[in-house]
Structure formats: structure tokens, C-alpha cells
Amino acid sequence: MDEAALLLSRVQFAVTIALHIIFPAFTIGLASYLVVLEAQWLRTRDSIYLRLYDFWVRVFAVSFGLGVVSGVMMSYQFGTNWSRLSETMGSILGPLLAYEGLTAFFLEAGFLGVMLFGRDRVGPRLHFLATLLVATGTLISAFWILAANSWMQTPAGFVWENGRVAPQDWIAVIFNPSFPYRLVHMTLAAYLTTALVVGAVGAWHLLRGSADPAVRRMLVMAVGMIAVVAPLQIVAGDLHGTNTFEHQPAKIAAMEGHWETRNGAPAILFAIPDPANERNRFEVAIPNLASLYLTHSWNGEVRGLKAFPPEERPPVHLPFWAFRIMVGCGLIMLAVGWWGALLWRRGTITVERRFLRLAVLAGPLGFVALIAGWTVTEVGRQPYVVYGMLRTADAVSPVAGASVSASLTLIAVVYMLVYGVGLWYLFRMFGVGPALPDSARRPVPARGSNRPLSGADLAAEAEG
Amino acid sequence: MEDIMPVLLIGVLAAAILLYVLLDGFDLGVGILYLSEHDPADRDTMMLSVAPVWDGNETWLVAGSVVLLAGFPAAYAVILPAFYLPLILMLLALIFRGVAFEFRFKSNRSRVVWDIAFAGGSLVAAFCQGLVLGGYIGGTADGEVSFEWLSPFAIFCGVAVVIGYTLLGACWLIMKAEGALEARMRRLAPRLLLISLAALAIVSLWTPLHSQRIAERWFSWPNIVLLAPVPLMTALAALWLWRTARTGTYAPFLAAALIFALGTVGLCVSLWPYVVPFRVTIWDSAAPMLSLWFSLIGVVLFLPAVLAYTAWSYWVFRGKVRADAGAYH
């Protein structure tokens with residue numbers, strides 16, 4: 001086997017999936033948000049909802065496009081770079097991905113055109129149906145791809161046949177032990193990610209002195225979402241962790257930074273793991289807490305990494321740090337949601353500048369938490385690609401290291417260019433904000449604003 | 001049943017690939033035609049004619065690969081690594097042309113960059129697909145680095161696919177464009193048809209010369225009579241396109257699509273029953289029964305709906321491209 005091809009394929013897949021996943025996650029949340037906006041517009045005929053829809057649908061179009069093209073690249077890598085995974089596991093992973101295509105990708109693509117271009121052609125009700133079906137497609141897509149990913153984490157419902165797996169019970173395959181937890185955790189993450197971005201854009205415009213009621217409304221809607229979903233996500237994350245503890249204890253040991261198996265294991269707040277000596281340095285920990293939340297017992301047994309042979313252990317640094325980043329992001333999200341909800345009740349949410357600044361800074365936290373979370377679960381599964389069944393090193397294609405090095409270089413260059421430009425356009429749209437109503441297409445009286453141009457002028461320029 | 005299931009699924013796979021070639025074929029062809037159409041307003045029309053449907057068209061590319069994975073994992077695991085570089089190049093090219101739809105209408109000064117991305121991405125993607133096709137027919141080596149996709153035959157197939165897609169794109173624009181652009185496409189289509197037919201003829205003669213097996217398939221008795229309708233109908237479709245290129249609205253595109261469909265039938269005849277030509281058959285590489293069942297149930301339940309709403313979205317955007325088509329931008 002070609003060691004270079006293995007290492008480079010892993011790097012290439014990590015780059016491809018990390019840059020892919022942030023877009024579907026964002027568009028899952030955004031599509032649902034667009035459904036709410038359009039439903040509210042049809043129900044109340046309040047033009048603020050329509051203006052918000054027209055603004056966010058353009059953001060959706062760019063994000064969805066970036067998600068589609070990077071997703072095609074990712075799906076082909078199962079074959080180009082991981083053909084031995086495909087050969088041994090394809091009879092299970094293939095049908096799951098085929099169902100994703102049949103029930104989700106086509107649904108999204110079939111109605112996306114009408115959603116983006118068809119309002120004048122099909123009328124408001126059919127247009128709403130198109131938005132609804134696109135949003136449904138994004139959620140169905142999450143269902144199947146997470147079923148496939150969860151199966152790779154906690155395989156079930158199969159038998160080995162001539163060195164390959166064969167499905168035995170599709171219900172057990174799809175609803176494998178970690179799937180419900182991962183599905184909930186990921187869907188909530190998508191909603192949080194989108195709400196944080198929507199809130200940040202609203203807060204940004206309020207800080208710049210916008211008096212547009214649409215801006216206030218998007219901030220309030222986002223804060224409401226975060227205030228409800230952030231605590232739910234913490235509960236869902238905890239349940240997911242307990243499930244992982246049951247099925248993948250080595251991953252939990254790496255996440256927690258536990259080397260020794262202990263009754264009454266501490267929760268380690270900070271430490272620098274030292275894999276060479278199988279211990280932690282500078283450890284700051286709360287006694288017994290990890291046992292409490294993993295086993296729901298003060299003195300429950302928690303296995304440490306030393307309980308697993310070295311060749312069965314995941315690397316410790318990445319899951320350990322990524323887990324702490326994810327949890328930290330989650331706590332900040334909770335603060336944003338609850339502080340914002342408090343200010344909203346007091347009626348001061350648009351003027352409390354410290355909160356608005358926090359909301360702007362928290363804008364990208366959903367993406368950070370998302371990539372950190374996926375790092376935890378995917379690196380924590382190592383050295384396996386299908387847990388306990390197929391090692392990553394045995395899954396790689398028989399391609400030459402030179403080929404993978406060429407493809408990785410090209411992918412890096414193209415992604416930097418395309419995603420750089422994509423982010424530039426997205427930020428420019430965020431900066432312009434929702435278009436003002438036709439009657440108000442005058443320079444905005446922007447108190448405290450240092451903008452040289454009005455939003456409307458910028459919007460007109462960007463239309464060009 | 002054991003023998004029929006893989007055959008049914010290979011039929012689905014062939015249909016998915018044909019739909020991909022027809023649908024993404026015309027929109028890649030429209031991209032390639034950017035190379036000869038320089039007027040900004042015409043370029044707007046061309047891009048807007050495919051903007052509402054390109055994403056769905058490209059979805060067939062994903063569908064083809066996952067059906068291959070689901071039904072024939074052992075073949076999938078041979079074919080994809082064998083064409084590692086042209087596939088990656090194709091996917092990168094598709095990224096460029098895919099983002100061009102959004103970026104082009106949001107750019108002012110950099111618009112020319114996205115015009116190049118759209119045209120270049122379409123051209124490279126089409127050429128790479130031809131390389132893969134040629135290499136695939138030529139035969140893949142097992143488990144070693146193969147450069148079959150760089151053989152003269154594969155490169156010729158690359159050029160042929162580019163020309164064929166351009167023909168589909170021109171016929172699409174006959175339906176969608178008006179005025180001078182439409183007139184130019186009507187003049188261009190017959191010329192592209194002649195070149196495409198020549199390319200098709202060369203590939204059709206090259207393969208039996210290349211492979212004894214393919215020659216026997218087509219020229220042994222009674223196959224030569226049974227299979228004669230394939231080239232005959234191709235000739236009729238070409239004649240239909242030739243006669244309607246000046247005046248027809250839908251006929252040229254339908255005729256071009258028919259030529260592609262017959263080409264696909266011809267390819268299936270040549271390669272049957274191999275999934276990896278002349279090494280791995282449909283039955284050798286088929287997934288276990290329970291996988292095939294599950295996949296086929298999904299196809300039966302969902303594919304008709306997919307086809308119906310895809311057709312509906314084409315119906316919504318039927319007719320000539322309207323000037324307000326890009327309103328949401």
C-alpha cells in the first residue's frame with residue numbers, strides 16, 4: 001500500500017468534507033427560515049417578511065450552489081480515494097446514498113429553480129410549496145447522510161459475506177444505535193448555525209444605525225431561535241455523549257482526556273495531553289463529574305485510553321481540543337440566546353450595544369462548533385473508518401501518491417479561490433442587508449452611521 | 001430472480017447516465033458556446049436559459065455514481081480509482097462552472113472571469129467525461145495505476161463528447177433564444193451535426209477494430225440484422241435534425257437527444273454484459289440481494305415522482321428566455 005496516498009487522501013477528504021459541511025448545515029437552517037418567512041408573508045401580508053425572504057433567498061442561492069458543487073466532489077471521493085471502503089461496505093452505504101439522491105437531492109434541485117426564478121410564473125401558493133419542498137429536501141438529505149455516517153460509527157443490521165458486508169435488516173441499518181442522537185444533534189446544530197448568522201447580520205446593521213424594522217425583526221427571530229435551541233442542543237449533546245460512551249468508549253476517553261480507568265472519574269476542564277507518557281499535564285478537573293454525566297452515578301466506572309491497546313486508540317489531541325471548542329461555543333450560544341431574550345423582554349435589544357457586538361462576534365460560532373463537533377466524532381472513530389470493522393488504512397484506493405498529491409494541490413487552489421470569492425460575495429450581501437421598500441428608496445437617515453453610501457445605493461450597485 | 005435483479009438495476013443505471021448526458025450535456029454545451037458568443041446580452045440569455053435547471057441536471061451525475069455504488073460496489077471500486085485524475089479534474093471544472101451561475105450575476109468588473117470559468121469549466125468537464133468514456137471502453141487495469149484515459153482513442157472520445165454536447169447546447173438555444181442568437185444557432189447546428197456524426201462514425205468503427213468481441217457482437221449473424229435499426233434510426237434522426245434546424249422549435253433538440261440515446265444503446269450493446277468492460281460482468285459485481293431489493297424499491301417508489309416534478313419544472317420555464325428571468329439576482 002502507498003503510505004503517501006493514504007495520508008494525502010485523508011487530508012484531501014478532511015478538506016473536502018470540512019468545506020462542504022458548513023454549507024449544507026447553513027442551508028438546512030436557512031431553508032427552514034425561508035419557509036417561516038414566506039408563510040408569515042402569505043399569512044399576514046406584512047411586507048417586512050417578503051423583504052427578508054428576498055434578502056435571505058439570495059444568500060441561500062449562493063450557499064446552496066457552493067454546497068452542491070463541493071458535495072459532488074465529496075461523494076465521488078468515496079470511489080476515487082476510498083474504493084476499498086466502497087467495495088466492502090458499498091452494499092450498505094450505496095443504497096443509503098441512493099435514497100438520499102432519490103428522495104432529497106432531486107427534490108431540492110427540482111424545486112430550487114422555481115424557488116429562485118419562478119415566483120412570477122407559478123403564483124404565491126405554488127412558490128411557497130416550492131420553498132417548503134426545498135426545505136423538506138434539505139432535512140431528508142440530512143436523514144440519509146446521517147444514517148450512513150452513523151452506521152459507520154455504530155454498524156448494525158448486517159452480516160459478513162465473502163469478506164464484504166451484506167445487509168440483513170434495513171431498519172436496523174438505518175436506525176442504528178447512534179443515528180437518532182446524531183440526527184437530532186446535527187439538525188439542531190444547523191438551526192443554531194443559521195440563527196447565529198441571521199442574528200449577527202441583524203445586529204451588525206443595528207450597530208451601523210439602521211432603523212429598518214426588518215433588521216430588528218430578523219435579530220429578534222434569530223434570538224428567539226437561539227434562546228430555545230441552544231439549551232435543547234446542550235441536552236441533545238449530553239444524550240449523544242452518553243450513547244457514544246456506550247458504543248465507542250475509546251472516543252469518549254480521548255474526548256475527556258482520560259488515561260486511567262476510574263470509578264468516580266473527573267471532568268477535565270483543561271489539560272495538555274501527553275500521549276508519549278500516557279498522562280496529562282497541567283490538569284484542572286472537577287472530581288467525579290464525568291462519572292456523573294456519563295454513567296449517571298457518582299462513582300460509575302469510566303474507562304481510560306490505557307484500557308485499549310495502543311493500536312485501537314484514537315489520537316487524543318484532536319478530539320480532546322475540538323470537544324472543548326465545541327462545548328465552549330455552545331455555552332456562548334446559550335449566553336447570546338438568553339441575554340438577547342432578556343433584552344427583548346425589556347424592549348432594549350436594539351440599543352444594547354454590548355449585546356449587539358457579542359451577537360456579531362458570535363455569528364461564525366455555529367460553523368466553528370460544527371467543524372469541531374465533526375472533528376470529535378470522525379477523529380474519535382479512528383483508527384477505524386467503519387468502527388471496529390474496517391481500518392482507515394485498509395480503506396484507501398490503490399491510487400498513486402503522486403496522483404493524490406496532484407489532486408490535493410488542485411483542490412486546495414480551486415477551493416481557496418472559489419470559497420474566497422463566495423465568502424466575499426456573501427459578506428457583501430450581508431453588508432448591504434435587506435432592500436428597503438420601494439417607497440423608502442432614499443438615503444437612510446443613518447444615526448451614528450459612518451457609511452458613505454446608503455443601503456439602497458449599495459443594493460442597486462450590487463444588482464448590477 | 002437472482003439473475004434479473006442486477007439487470008433491472010443496470011437498466012436504471014443506464015437510464016440515469018443517459019439522462020445525465022442529455023441534460024447536463026446541453027447545459028455544458030451552452031457553456032462551451034460561450035467561447036464563440038461574446039455579446040454580453042446573449043451570454044445573459046444563454047446562462048439564464050439553464051440557470052433554473054442546471055442543478056437538477058447535475059444531480060443525475062451523483063445519481064449515476066450512487067446507483068453504481070449501490071448495485072455494483074465491486075465495479076464501482078475498480079472504475080473510479082482507474083479514472084482518478086480525469087474524474088477529479090472534471091469535478092473541479094464543474095465547481096467553476098457551477099459557481100459561475102451565482103457569481104457572474106453578482107460581479108461587475110470581474111464578470112469576464114466568471115464567463116471564462118463558465119466556458120472553461122464546461123469545456124474541461126465535457127472533455128474529461130470523454131476521456132473517461134474512452135478509457136472505460138478501452139478497458140481498465142485492475143488495481144494498478146492506469147493511464148488508459150490518455151490513449152489516442154480516449155482523447156478522440158474527449159473531443160467527440162465536447163462536439164456532441166455543443167450540438168445539444170445549440171439545439172437547446174434554438175428553443176430558448178431569439179433574434180440573432182437563435183439565427184446563429186440555427187446555422188451552427190447542422191455543421192455541428194455533421195462533425196458529431198463523423199465523430200460517432202469513427203468511434204463506432206474504431207471500437208470493433210479495437211476489440212474482436214465488439215466486432216462479433218455487431219457483425220455476426222443474426223445480430224447484424226437485429227441490430228441494424230440502431231445505425232438506421234441514428235441516420236433518420238440525423239436527417240430529421242438536418243431538415244428542421246432552420247425552422248423547427250423543439251424538433252432539433254429532440255432529434256439530437258435521439259442521436260445521443262441511440263449512441264447509448266449502441267454502447268450498451270457493445271459492452272453487454274460487462275460493467276467493467278471485458279473483465280467484470282453485471283452478475284460478478286452485483287451487491288447482495290437485499291441491497292438490490294432495497295435500491296429497486298426506492299427506484300420504483302421515488303423515480304416516477306422525480307421524473308414528474310423535474311418535467312414540471314422544465315414546463316414552468318418553457319419557451320423563450322424572458323428578459324426578467326434573472327429577477328431574483
# chains A, B, ... in the order shown; residues from 1 in each chain; ligands from 1

$ interface_residues --of "chain A" --to "chain B" --cutoff "6 Å" --atoms "only C-alpha atoms" --output "MDAnalysis selection string"
chainID A and resid 62 69 73 79:80 83 87 90:91 94:95 98 109:110 113 398

$ residues_around --residues "stretch 183-188 of chain A" --least-positions-apart "4" --cutoff "7 Å" --atoms "only C-alpha atoms" --output "PDB file with C-alpha atoms, in the first residue's frame"
ATOM      1  CA  PHE A 143     -31.654  11.999   7.460  1.00  0.00           C
ATOM      2  CA  LEU A 146     -26.511  10.846   8.882  1.00  0.00           C
ATOM      3  CA  PHE A 179     -28.392   7.580  14.456  1.00  0.00           C
ATOM      4  CA  LEU A 192     -28.293  27.243  15.534  1.00  0.00           C
ATOM      5  CA  VAL A 229     -32.462  25.710  20.626  1.00  0.00           C
ATOM      6  CA  GLN A 233     -28.729  21.324  21.949  1.00  0.00           C
ATOM      7  CA  ALA A 236     -29.101  16.571  22.974  1.00  0.00           C
ATOM      8  CA  GLY A 237     -25.302  16.737  23.048  1.00  0.00           C
TER       9      GLY A 237
END

$ residues_around --residues "A:Glu301" --least-positions-apart "2" --cutoff "10 Å" --atoms "only C-alpha atoms" --output "PyMOL selection string"
chain A and resi 261-265+290-292+294-295+297-299+303-304

$ select_by_dssp --residues "stretch 36-152 of chain B" --states "helix (DSSP H, G or I)" --output "short mmCIF file (atom, residue, chain, number, x, y, z; two decimals) with C-alpha atoms, in the first residue's frame"
data_model
loop_
_atom_site.label_atom_id
_atom_site.label_comp_id
_atom_site.auth_asym_id
_atom_site.auth_seq_id
_atom_site.Cartn_x
_atom_site.Cartn_y
_atom_site.Cartn_z
CA PRO B 40 -22.96 40.23 -23.01
CA ALA B 41 -26.74 40.24 -23.54
CA ASP B 42 -26.58 36.95 -25.47
CA ARG B 43 -24.43 35.49 -22.71
CA ASP B 44 -27.05 36.56 -20.16
CA THR B 45 -29.75 34.80 -22.18
CA MET B 46 -27.64 31.67 -22.54
CA MET B 47 -26.90 31.42 -18.86
CA LEU B 48 -30.46 32.22 -17.81
CA SER B 49 -31.76 29.52 -20.16
CA VAL B 50 -30.06 26.89 -17.99
CA TRP B 54 -28.57 23.08 -14.11
CA ASP B 55 -28.58 21.86 -10.52
CA GLY B 56 -31.14 19.17 -11.27
CA ASN B 57 -29.22 18.18 -14.38
CA GLU B 58 -26.03 17.71 -12.44
CA THR B 59 -27.86 15.64 -9.83
CA TRP B 60 -28.01 12.80 -12.39
CA LEU B 61 -24.21 12.65 -12.19
CA VAL B 62 -24.48 11.93 -8.48
CA ALA B 63 -27.39 9.55 -9.11
CA GLY B 64 -25.33 7.58 -11.64
CA SER B 65 -22.42 7.17 -9.27
CA VAL B 66 -24.50 6.16 -6.25
CA VAL B 67 -26.57 3.66 -8.24
CA LEU B 68 -23.30 2.12 -9.44
CA LEU B 69 -22.08 2.01 -5.83
CA ALA B 70 -25.37 0.63 -4.50
CA GLY B 71 -25.83 -2.04 -7.16
CA PRO B 73 -19.85 -1.98 -5.49
CA ALA B 74 -17.10 -4.19 -6.87
CA ALA B 75 -17.29 -2.44 -10.25
CA TYR B 76 -17.50 0.99 -8.66
CA ALA B 77 -14.34 0.21 -6.69
CA VAL B 78 -12.47 -0.59 -9.92
CA ILE B 79 -13.81 2.13 -12.21
CA LEU B 80 -13.50 5.24 -10.05
CA PRO B 81 -9.87 4.87 -8.96
CA ALA B 82 -8.91 3.90 -12.53
CA TYR B 84 -8.75 9.20 -10.72
CA LEU B 85 -7.24 12.26 -12.38
CA PRO B 86 -9.81 12.89 -15.14
CA LEU B 87 -12.65 12.49 -12.61
CA ILE B 88 -11.10 14.94 -10.15
CA LEU B 89 -10.41 17.37 -12.99
CA MET B 90 -13.99 17.02 -14.20
CA LEU B 91 -15.35 17.70 -10.71
CA LEU B 92 -13.14 20.77 -10.28
CA ALA B 93 -14.27 22.04 -13.67
CA LEU B 94 -17.88 21.51 -12.60
CA ILE B 95 -17.19 23.58 -9.47
CA PHE B 96 -16.04 26.50 -11.61
CA ARG B 97 -18.98 26.39 -13.95
CA GLY B 98 -21.46 25.75 -11.12
CA VAL B 99 -20.46 28.75 -9.05
CA ALA B 100 -20.35 30.91 -12.19
CA PHE B 101 -24.18 30.87 -12.22
CA GLU B 102 -24.27 32.75 -8.94
CA PHE B 103 -21.06 34.71 -9.13
CA ARG B 104 -21.46 36.03 -12.65
CA PHE B 105 -24.63 37.96 -11.88
CA LYS B 106 -23.14 39.37 -8.70
CA ARG B 111 -17.71 39.30 -14.88
CA VAL B 112 -15.27 38.26 -17.59
CA VAL B 113 -13.53 35.98 -15.08
CA TRP B 114 -16.79 34.09 -14.46
CA ASP B 115 -17.51 33.98 -18.17
CA ILE B 116 -14.18 32.21 -18.58
CA ALA B 117 -14.94 29.97 -15.61
CA PHE B 118 -18.30 29.03 -17.11
CA ALA B 119 -16.95 28.35 -20.60
CA GLY B 120 -13.68 26.77 -19.48
CA GLY B 121 -15.34 24.70 -16.77
CA SER B 122 -17.92 23.38 -19.22
CA LEU B 123 -15.27 22.57 -21.83
CA VAL B 124 -12.92 20.79 -19.42
CA ALA B 125 -15.77 18.85 -17.77
CA ALA B 126 -17.06 17.64 -21.15
CA PHE B 127 -13.57 16.71 -22.36
CA CYS B 128 -12.81 14.79 -19.14
CA GLN B 129 -16.08 12.89 -19.45
CA GLY B 130 -15.00 11.88 -22.94
CA LEU B 131 -11.60 10.76 -21.60
CA VAL B 132 -13.34 8.60 -19.01
CA LEU B 133 -15.68 7.17 -21.63
CA GLY B 134 -12.81 6.34 -23.98
CA GLY B 135 -10.72 4.85 -21.21
CA TYR B 136 -13.71 2.86 -19.98
CA ILE B 137 -14.38 1.32 -23.39
CA GLY B 138 -10.68 0.74 -23.84
CA GLU B 148 -5.88 4.20 -20.46
CA TRP B 149 -7.71 7.51 -20.38
CA LEU B 150 -4.73 9.12 -22.09
CA PRO B 152 -5.37 8.34 -28.55
#

$ residues_around --residues "B:Gly263" --least-positions-apart "6" --cutoff "10 Å" --atoms "only C-alpha atoms" --output "list of chain:residue names"
B:Leu18, B:Leu200, B:Ser204, B:Val230, B:Pro231, B:Thr234, B:Ala257, B:Val269

$ residues_around --residues "stretch 340-350 of chain A" --least-positions-apart "5" --cutoff "8 Å" --atoms "only C-alpha atoms" --output "list in words"
Ala203, Leu206, Arg216, Val220, Val223, Gly224, Ala227, Phe355 and Leu356 of chain A

$ atom_distance --atom1 "atom CA of A:Pro213" --atom2 "atom CA of A:Ile48"
7.4 Å

$ residues_around --residues "stretch 5-17 of chain A" --least-positions-apart "4" --cutoff "10 Å" --atoms "only C-alpha atoms" --output "short mmCIF file (atom, residue, chain, number, x, y, z; two decimals) with N, CA and C atoms, in the first residue's frame"
data_model
loop_
_atom_site.label_atom_id
_atom_site.label_comp_id
_atom_site.auth_asym_id
_atom_site.auth_seq_id
_atom_site.Cartn_x
_atom_site.Cartn_y
_atom_site.Cartn_z
N MET A 1 0.84 -1.20 0.00
CA MET A 1 0.00 0.00 0.00
C MET A 1 0.88 1.25 0.00
N ILE A 21 -19.37 20.68 4.55
CA ILE A 21 -20.42 20.52 5.55
C ILE A 21 -20.98 21.85 6.05
N ILE A 22 -20.16 22.88 6.05
CA ILE A 22 -20.68 24.15 6.57
C ILE A 22 -21.79 24.70 5.68
N SER A 70 -19.42 21.38 -3.98
CA SER A 70 -18.46 20.70 -3.10
C SER A 70 -18.98 19.32 -2.69
N GLY A 71 -20.31 19.16 -2.71
CA GLY A 71 -20.89 17.87 -2.36
C GLY A 71 -20.65 16.82 -3.43
N MET A 73 -18.12 16.77 -5.43
CA MET A 73 -16.71 16.42 -5.26
C MET A 73 -16.53 15.42 -4.12
N MET A 74 -17.22 15.66 -3.02
CA MET A 74 -17.07 14.78 -1.87
C MET A 74 -17.60 13.37 -2.17
N SER A 75 -18.78 13.30 -2.80
CA SER A 75 -19.37 11.97 -2.99
C SER A 75 -18.52 11.11 -3.93
N GLN A 77 -15.37 11.08 -4.03
CA GLN A 77 -14.15 10.61 -3.37
C GLN A 77 -14.33 9.25 -2.69
N PHE A 78 -15.58 8.88 -2.38
CA PHE A 78 -15.79 7.51 -1.87
C PHE A 78 -15.23 6.50 -2.86
N THR A 80 -13.09 7.43 -5.79
CA THR A 80 -11.74 7.72 -6.27
C THR A 80 -10.69 7.44 -5.20
N ASN A 81 -10.96 7.81 -3.95
CA ASN A 81 -9.93 7.69 -2.92
C ASN A 81 -10.15 6.57 -1.91
N TRP A 82 -11.39 6.11 -1.78
CA TRP A 82 -11.69 5.12 -0.73
C TRP A 82 -12.40 3.92 -1.34
N ILE A 371 -17.63 22.27 12.84
CA ILE A 371 -16.41 21.60 12.38
C ILE A 371 -15.72 20.94 13.57
N TRP A 374 -17.62 17.69 14.30
CA TRP A 374 -17.31 16.62 13.35
C TRP A 374 -15.91 16.09 13.53
N THR A 375 -14.98 16.98 13.93
CA THR A 375 -13.62 16.51 14.22
C THR A 375 -13.66 15.52 15.38
N GLU A 378 -15.39 12.15 14.04
CA GLU A 378 -14.69 11.42 12.98
C GLU A 378 -13.28 11.01 13.42
N THR A 392 -9.13 2.61 8.60
CA THR A 392 -8.96 3.64 7.58
C THR A 392 -7.81 3.27 6.64
N ALA A 393 -6.74 2.72 7.22
CA ALA A 393 -5.58 2.38 6.40
C ALA A 393 -5.90 1.30 5.38
N ASP A 394 -6.91 0.49 5.66
CA ASP A 394 -7.27 -0.59 4.73
C ASP A 394 -8.37 -0.17 3.75
N ALA A 395 -8.80 1.09 3.83
CA ALA A 395 -9.95 1.51 3.04
C ALA A 395 -9.56 2.30 1.80
N VAL A 396 -8.27 2.66 1.72
CA VAL A 396 -7.87 3.61 0.68
C VAL A 396 -7.78 2.93 -0.70
N SER A 397 -7.96 3.72 -1.75
CA SER A 397 -7.87 3.22 -3.12
C SER A 397 -6.44 2.87 -3.50
N PRO A 398 -6.29 1.97 -4.47
CA PRO A 398 -4.95 1.69 -4.97
C PRO A 398 -4.49 2.75 -5.96
N VAL A 399 -4.50 4.00 -5.57
CA VAL A 399 -4.01 5.05 -6.47
C VAL A 399 -2.62 5.47 -6.04
N ALA A 400 -1.90 6.10 -6.96
CA ALA A 400 -0.53 6.51 -6.66
C ALA A 400 -0.53 7.77 -5.81
N GLY A 401 0.45 7.83 -4.89
CA GLY A 401 0.59 9.03 -4.06
C GLY A 401 0.74 10.28 -4.91
N ALA A 402 1.42 10.15 -6.05
CA ALA A 402 1.62 11.33 -6.91
C ALA A 402 0.30 11.86 -7.44
N SER A 403 -0.61 10.95 -7.79
CA SER A 403 -1.91 11.38 -8.28
C SER A 403 -2.67 12.14 -7.20
N VAL A 404 -2.65 11.59 -5.98
CA VAL A 404 -3.39 12.24 -4.90
C VAL A 404 -2.74 13.57 -4.56
N SER A 405 -1.42 13.63 -4.62
CA SER A 405 -0.76 14.89 -4.33
C SER A 405 -1.14 15.94 -5.37
N ALA A 406 -1.25 15.52 -6.64
CA ALA A 406 -1.69 16.47 -7.68
C ALA A 406 -3.12 16.92 -7.42
N SER A 407 -4.01 15.97 -7.10
CA SER A 407 -5.41 16.35 -6.92
C SER A 407 -5.58 17.23 -5.68
N LEU A 408 -4.84 16.91 -4.62
CA LEU A 408 -4.96 17.72 -3.40
C LEU A 408 -4.50 19.15 -3.65
N THR A 409 -3.42 19.29 -4.39
CA THR A 409 -2.93 20.63 -4.71
C THR A 409 -3.98 21.40 -5.49
N ILE A 411 -7.20 20.84 -5.68
CA ILE A 411 -8.39 21.10 -4.87
C ILE A 411 -8.13 22.27 -3.93
N ALA A 412 -6.95 22.30 -3.32
CA ALA A 412 -6.63 23.39 -2.39
C ALA A 412 -6.69 24.74 -3.11
N TYR A 415 -10.39 25.52 -4.26
CA TYR A 415 -11.26 25.83 -3.12
C TYR A 415 -10.93 27.21 -2.54
#

$ select_by_dssp --residues "stretch 270-431 of chain A" --states "strand (DSSP E)" --output "ChimeraX atom specification"
/A:270-274,279-286,301-302,384-386,390-391

$ residues_around --residues "stretch 176-188 of chain B" --least-positions-apart "5" --cutoff "9 Å" --atoms "only C-alpha atoms" --output "list in words"
Glu37, Asp42, Thr45, Met46, Ser49, Leu167, Ala170, Cys171, Leu193, Ala245, Arg246, Thr247, Thr249, Arg318, Gly319, Lys320 and Val321 of chain B

$ decode --residues "stretch 149-191 of chain B" --atoms "C-alpha atoms" --output "PDB file, in the first residue's frame"
ATOM      1  CA  TRP B 149      -7.713   7.515 -20.378  1.00  0.00           C
ATOM      2  CA  LEU B 150      -4.727   9.118 -22.090  1.00  0.00           C
ATOM      3  CA  SER B 151      -4.778   6.783 -25.108  1.00  0.00           C
ATOM      4  CA  PRO B 152      -5.373   8.341 -28.547  1.00  0.00           C
ATOM      5  CA  PHE B 153      -8.816   6.717 -28.599  1.00  0.00           C
ATOM      6  CA  ALA B 154      -9.746   8.267 -25.244  1.00  0.00           C
ATOM      7  CA  ILE B 155      -8.547  11.694 -26.340  1.00  0.00           C
ATOM      8  CA  PHE B 156     -10.588  11.343 -29.510  1.00  0.00           C
ATOM      9  CA  CYS B 157     -13.625  10.457 -27.366  1.00  0.00           C
ATOM     10  CA  GLY B 158     -12.946  13.579 -25.303  1.00  0.00           C
ATOM     11  CA  VAL B 159     -13.120  15.744 -28.412  1.00  0.00           C
ATOM     12  CA  ALA B 160     -16.201  13.879 -29.642  1.00  0.00           C
ATOM     13  CA  VAL B 161     -18.075  14.466 -26.382  1.00  0.00           C
ATOM     14  CA  VAL B 162     -17.224  18.177 -26.499  1.00  0.00           C
ATOM     15  CA  ILE B 163     -18.625  18.433 -30.026  1.00  0.00           C
ATOM     16  CA  GLY B 164     -21.693  16.369 -29.203  1.00  0.00           C
ATOM     17  CA  TYR B 165     -22.521  18.464 -26.137  1.00  0.00           C
ATOM     18  CA  THR B 166     -22.072  21.617 -28.196  1.00  0.00           C
ATOM     19  CA  LEU B 167     -24.630  20.260 -30.650  1.00  0.00           C
ATOM     20  CA  LEU B 168     -27.081  19.638 -27.798  1.00  0.00           C
ATOM     21  CA  GLY B 169     -26.385  23.141 -26.462  1.00  0.00           C
ATOM     22  CA  ALA B 170     -27.012  24.747 -29.851  1.00  0.00           C
ATOM     23  CA  CYS B 171     -30.297  22.854 -30.260  1.00  0.00           C
ATOM     24  CA  TRP B 172     -31.323  23.888 -26.735  1.00  0.00           C
ATOM     25  CA  LEU B 173     -30.668  27.531 -27.595  1.00  0.00           C
ATOM     26  CA  ILE B 174     -32.755  27.221 -30.766  1.00  0.00           C
ATOM     27  CA  MET B 175     -35.651  26.601 -28.354  1.00  0.00           C
ATOM     28  CA  LYS B 176     -34.654  29.214 -25.822  1.00  0.00           C
ATOM     29  CA  ALA B 177     -33.069  32.141 -27.662  1.00  0.00           C
ATOM     30  CA  GLU B 178     -34.492  34.741 -30.009  1.00  0.00           C
ATOM     31  CA  GLY B 179     -33.219  37.029 -32.733  1.00  0.00           C
ATOM     32  CA  ALA B 180     -29.610  36.962 -33.900  1.00  0.00           C
ATOM     33  CA  LEU B 181     -28.500  34.407 -31.306  1.00  0.00           C
ATOM     34  CA  GLU B 182     -31.215  31.990 -32.385  1.00  0.00           C
ATOM     35  CA  ALA B 183     -30.324  32.538 -36.057  1.00  0.00           C
ATOM     36  CA  ARG B 184     -26.649  31.818 -35.388  1.00  0.00           C
ATOM     37  CA  MET B 185     -27.560  28.612 -33.552  1.00  0.00           C
ATOM     38  CA  ARG B 186     -29.713  27.524 -36.476  1.00  0.00           C
ATOM     39  CA  ARG B 187     -26.771  27.973 -38.806  1.00  0.00           C
ATOM     40  CA  LEU B 188     -24.357  26.319 -36.387  1.00  0.00           C
ATOM     41  CA  ALA B 189     -26.440  23.233 -35.568  1.00  0.00           C
ATOM     42  CA  PRO B 190     -26.178  21.488 -38.979  1.00  0.00           C
ATOM     43  CA  ARG B 191     -22.412  21.980 -39.038  1.00  0.00           C
TER      44      ARG B 191
END
